[in-house]
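First up is the structure itself, then whatever we jot down about it.
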Amino acid sequence: MTHSEASCMQRAVTGAHMSMTWRLGKRTHTLEGHEDYVHKVVVGTGGGGGSPLVASGGEDGQVLVWDPRVGREPRHRLAPHTQPQLARPSQGRFVATLDLTGDWLVCGGGPRAGIFHLKSLALTTVLPPAAPTIHVTKFTRYAEGGDRGGIVVAGGSPFHPDSQRVSPQLTVCSMAGMVTAQLPASSPCIYTVNVTDKPFTMMTYGGTSTKLDVCFNLNYRDHTVSLVDE
């Protein structure tokens, strides 16, 4: 299965099982391993344009990574909540979001957002912010000089059970965890971020609001679009 074929797959999540389905509707096989329901599924390739990979994050606190050509057993298992730098027991162990690029995986949820190296399974970077629940982690850009030069976006709820409300924002940072921008958000809680760099860079983000925020260079918010008449 090529990467282009993998990109055509639809992901259907039922309970703790994931059914991998072709665009034409034919089920190929089912991937099993989660002990609770699945929050997020992504499709990518290994480093150097290698084998296709499927990764999922669930309420059970696990991140599972499969090579769908090999079989049902996951190739890798990660439990971010067991990492002392990421664990936040008061917010839970669930993994709400993840993304893949090359040999790197970023994820977050109840635990803080972090970047893992898939070949070593090592936690390489702890990402800001520290307080809110994380609902979005996304690799947004591929660097000219290698796979560690990308930009990562982590967005989440502005509420923390042990603190007062803080201003909603979306954090843009480097693969090394250095914050390059903190963008204001119209939504009290950010659930979705979409980024494109062709033919030009544009990012939109939103959540629990009738407004979408729009950026054209990932450094500041250009404007906000309302989805209802005001």
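All residue names refer to the structure tokens as shown: chains lettered A, B, ... in order, residues numbered from 1 in each chain, ligands numbered from 1 in order.
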Requested in this report: Tell me which protein, DNA and RNA residues are within 12 Å of Asp222 (chain A), counting only C-alpha atoms, leaving out same-chain ones fewer than 3 positions away, and put them as a ChimeraX atom specification.
Outcome: /A:183-185,202-205,212-219,225
Requested in this report: List the neighbours of Pro84 (chain A) out to 12 Å using only C-alpha atoms; skip same-chain residues closer than 6 positions along the sequence, and give me the result as a VMD selection string.
Outcome: chain A and resid 111 to 112 114 123 126
Requested in this report: Considering only C-alpha atoms, state which residue in the set A:Val41, A:Val136, A:Val95, A:Leu64 is at the smallest distance from Leu118 (chain A).
Outcome: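 Closest residue, counting only C-alpha atoms: A:Leu64.
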Query - Counting only C-alpha atoms, the residue of A:Gln169, A:Thr180, A:Ser174, A:Thr30 that sits nearest Gly207 (chain A) - result: A:Gln169
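Across A:Asp99, A:His81, A:Pro68, A:Gln62, the tightest approach to Val42 (chain A) is made by A:Asp99 when counting only C-alpha atoms.
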Query - strand (DSSP E or B) per DSSP on the backbone: members of region 83-220 of chain A, as an MDAnalysis selection string - result: chainID A and resid 95:101 104:109 114:117 122:126 134:143 146:156 169:174 179:184 190:196 202:207 211:215
If we count only C-alpha atoms and set the cut-off at 12 Å, which residues sit around Val106 (chain A), ignoring sequence neighbours fewer than 5 positions away in its own chain? Please answer as a short mmCIF file (atom, residue, chain, number, x, y, z; two decimals) with N, CA, C and O atoms, in the first residue's frame.
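That gives us around-v2.cif:
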```cif
data_model
loop_
_atom_site.label_atom_id
_atom_site.label_comp_id
_atom_site.auth_asym_id
_atom_site.auth_seq_id
_atom_site.Cartn_x
_atom_site.Cartn_y
_atom_site.Cartn_z
N VAL A 42 -4.84 9.08 12.69
CA VAL A 42 -4.15 9.77 11.61
C VAL A 42 -3.40 8.73 10.78
O VAL A 42 -3.06 7.65 11.26
N ALA A 55 -1.83 5.76 13.22
CA ALA A 55 -1.67 6.03 14.65
C ALA A 55 -3.01 6.45 15.24
O ALA A 55 -3.81 7.13 14.58
N SER A 56 -3.25 6.05 16.49
CA SER A 56 -4.51 6.39 17.15
C SER A 56 -4.25 6.73 18.61
O SER A 56 -3.30 6.25 19.23
N GLY A 57 -5.10 7.59 19.15
CA GLY A 57 -5.05 7.94 20.56
C GLY A 57 -6.41 7.73 21.18
O GLY A 57 -7.43 8.01 20.55
N VAL A 63 -1.33 5.54 22.94
CA VAL A 63 -1.11 5.87 21.53
C VAL A 63 -0.60 4.59 20.87
O VAL A 63 0.43 4.04 21.29
N LEU A 78 2.59 3.65 23.08
CA LEU A 78 3.06 4.73 23.93
C LEU A 78 1.98 5.04 24.96
O LEU A 78 0.78 4.94 24.67
N PRO A 80 1.59 8.30 27.12
CA PRO A 80 2.12 9.61 27.53
C PRO A 80 1.90 9.94 29.00
O PRO A 80 2.73 10.60 29.62
N VAL A 95 -5.83 10.57 25.51
CA VAL A 95 -5.11 11.20 24.41
C VAL A 95 -6.15 11.67 23.40
O VAL A 95 -6.80 10.86 22.73
N ALA A 96 -6.32 12.98 23.29
CA ALA A 96 -7.37 13.55 22.46
C ALA A 96 -6.90 13.86 21.05
O ALA A 96 -7.71 13.98 20.14
N THR A 97 -5.59 14.03 20.86
CA THR A 97 -5.09 14.50 19.57
C THR A 97 -3.69 13.97 19.32
O THR A 97 -2.91 13.75 20.27
N LEU A 98 -3.35 13.73 18.06
CA LEU A 98 -2.01 13.33 17.68
C LEU A 98 -1.79 13.60 16.20
O LEU A 98 -2.73 13.82 15.45
N ASP A 99 -0.51 13.58 15.81
CA ASP A 99 -0.16 13.79 14.41
C ASP A 99 1.17 13.09 14.15
O ASP A 99 1.96 12.84 15.07
N LEU A 100 1.41 12.75 12.88
CA LEU A 100 2.61 12.05 12.45
C LEU A 100 3.32 12.82 11.35
O LEU A 100 2.68 13.41 10.48
N THR A 101 4.65 12.82 11.39
CA THR A 101 5.45 13.26 10.24
C THR A 101 6.80 12.56 10.33
O THR A 101 7.50 12.68 11.34
N PRO A 111 -2.69 14.55 29.46
CA PRO A 111 -1.27 14.87 29.58
C PRO A 111 -0.89 16.08 28.74
O PRO A 111 -1.58 16.44 27.78
N ARG A 112 0.22 16.72 29.09
CA ARG A 112 0.74 17.81 28.27
C ARG A 112 1.11 17.30 26.89
O ARG A 112 1.33 16.10 26.67
N ALA A 113 1.20 18.21 25.94
CA ALA A 113 1.62 17.84 24.59
C ALA A 113 3.11 17.53 24.59
O ALA A 113 3.91 18.21 25.23
N GLY A 114 3.48 16.50 23.83
CA GLY A 114 4.88 16.12 23.74
C GLY A 114 5.19 15.49 22.40
O GLY A 114 4.30 14.98 21.71
N ILE A 115 6.45 15.54 22.01
CA ILE A 115 6.92 14.94 20.76
C ILE A 115 7.71 13.68 21.08
O ILE A 115 8.61 13.69 21.94
N PHE A 116 7.39 12.59 20.39
CA PHE A 116 8.08 11.31 20.55
C PHE A 116 8.81 10.93 19.27
O PHE A 116 8.30 11.18 18.17
N HIS A 117 9.98 10.31 19.42
CA HIS A 117 10.72 9.76 18.30
C HIS A 117 10.30 8.30 18.14
O HIS A 117 10.47 7.49 19.07
N LEU A 118 9.73 7.94 16.99
CA LEU A 118 9.13 6.63 16.84
C LEU A 118 10.16 5.49 16.81
O LEU A 118 9.84 4.38 17.21
N LEU A 121 11.19 5.50 20.54
CA LEU A 121 10.04 5.66 21.44
C LEU A 121 10.35 6.61 22.59
O LEU A 121 9.69 6.57 23.64
N ALA A 122 11.35 7.46 22.42
CA ALA A 122 11.74 8.40 23.47
C ALA A 122 10.94 9.68 23.37
O ALA A 122 10.64 10.17 22.27
N LEU A 123 10.59 10.24 24.52
CA LEU A 123 10.01 11.58 24.59
C LEU A 123 11.15 12.58 24.37
O LEU A 123 12.09 12.63 25.16
N THR A 124 11.07 13.36 23.31
CA THR A 124 12.16 14.28 22.99
C THR A 124 11.87 15.71 23.38
O THR A 124 12.79 16.47 23.68
N THR A 125 10.59 16.12 23.38
CA THR A 125 10.26 17.52 23.63
C THR A 125 8.94 17.61 24.37
O THR A 125 7.96 16.96 23.99
N VAL A 126 8.91 18.39 25.43
CA VAL A 126 7.67 18.74 26.13
C VAL A 126 7.24 20.11 25.62
O VAL A 126 8.01 21.06 25.62
N LEU A 127 5.99 20.20 25.17
CA LEU A 127 5.51 21.41 24.52
C LEU A 127 4.62 22.24 25.44
O LEU A 127 3.88 21.69 26.26
N ILE A 134 -5.31 19.63 26.21
CA ILE A 134 -4.89 19.78 24.82
C ILE A 134 -5.88 19.06 23.91
O ILE A 134 -6.13 17.87 24.06
N HIS A 135 -6.44 19.79 22.95
CA HIS A 135 -7.36 19.21 21.98
C HIS A 135 -6.80 19.18 20.57
O HIS A 135 -7.35 18.48 19.71
N VAL A 136 -5.74 19.94 20.30
CA VAL A 136 -5.17 19.98 18.95
C VAL A 136 -3.66 19.97 19.04
O VAL A 136 -3.07 20.79 19.75
N THR A 137 -3.00 19.04 18.36
CA THR A 137 -1.56 19.07 18.11
C THR A 137 -1.35 18.76 16.64
O THR A 137 -1.93 17.81 16.12
N LYS A 138 -0.54 19.55 15.98
CA LYS A 138 -0.43 19.39 14.52
C LYS A 138 0.95 19.83 14.04
O LYS A 138 1.42 20.91 14.40
N PHE A 139 1.60 18.98 13.23
CA PHE A 139 2.78 19.42 12.50
C PHE A 139 2.30 20.27 11.33
O PHE A 139 1.44 19.86 10.57
N THR A 140 2.87 21.46 11.21
CA THR A 140 2.33 22.39 10.23
C THR A 140 3.26 22.72 9.09
O THR A 140 2.84 23.27 8.09
N GLY A 150 10.40 21.45 11.67
CA GLY A 150 9.01 21.82 11.48
C GLY A 150 8.46 22.67 12.61
O GLY A 150 9.09 22.87 13.64
N ILE A 151 7.26 23.16 12.40
CA ILE A 151 6.55 23.96 13.40
C ILE A 151 5.38 23.13 13.91
O ILE A 151 4.68 22.47 13.14
N VAL A 152 5.13 23.19 15.20
CA VAL A 152 4.06 22.43 15.82
C VAL A 152 3.07 23.40 16.44
O VAL A 152 3.47 24.41 17.02
N VAL A 153 1.79 23.11 16.30
CA VAL A 153 0.74 23.91 16.92
C VAL A 153 0.05 23.08 17.99
O VAL A 153 -0.33 21.94 17.74
N ALA A 154 -0.10 23.62 19.19
CA ALA A 154 -0.83 22.95 20.26
C ALA A 154 -1.92 23.89 20.74
O ALA A 154 -1.63 25.00 21.18
N MET A 175 10.00 22.54 16.83
CA MET A 175 10.14 21.16 17.24
C MET A 175 10.93 21.03 18.52
O MET A 175 10.84 20.02 19.22
N GLY A 177 10.45 22.97 21.04
CA GLY A 177 9.60 23.46 22.10
C GLY A 177 9.68 24.94 22.35
O GLY A 177 9.06 25.45 23.28
#
```
Query - Nearest-residue call for Thr208 (chain A), choices A:Pro188, A:Val195, A:Leu227, A:Val172, using only C-alpha atoms - result: A:Pro188
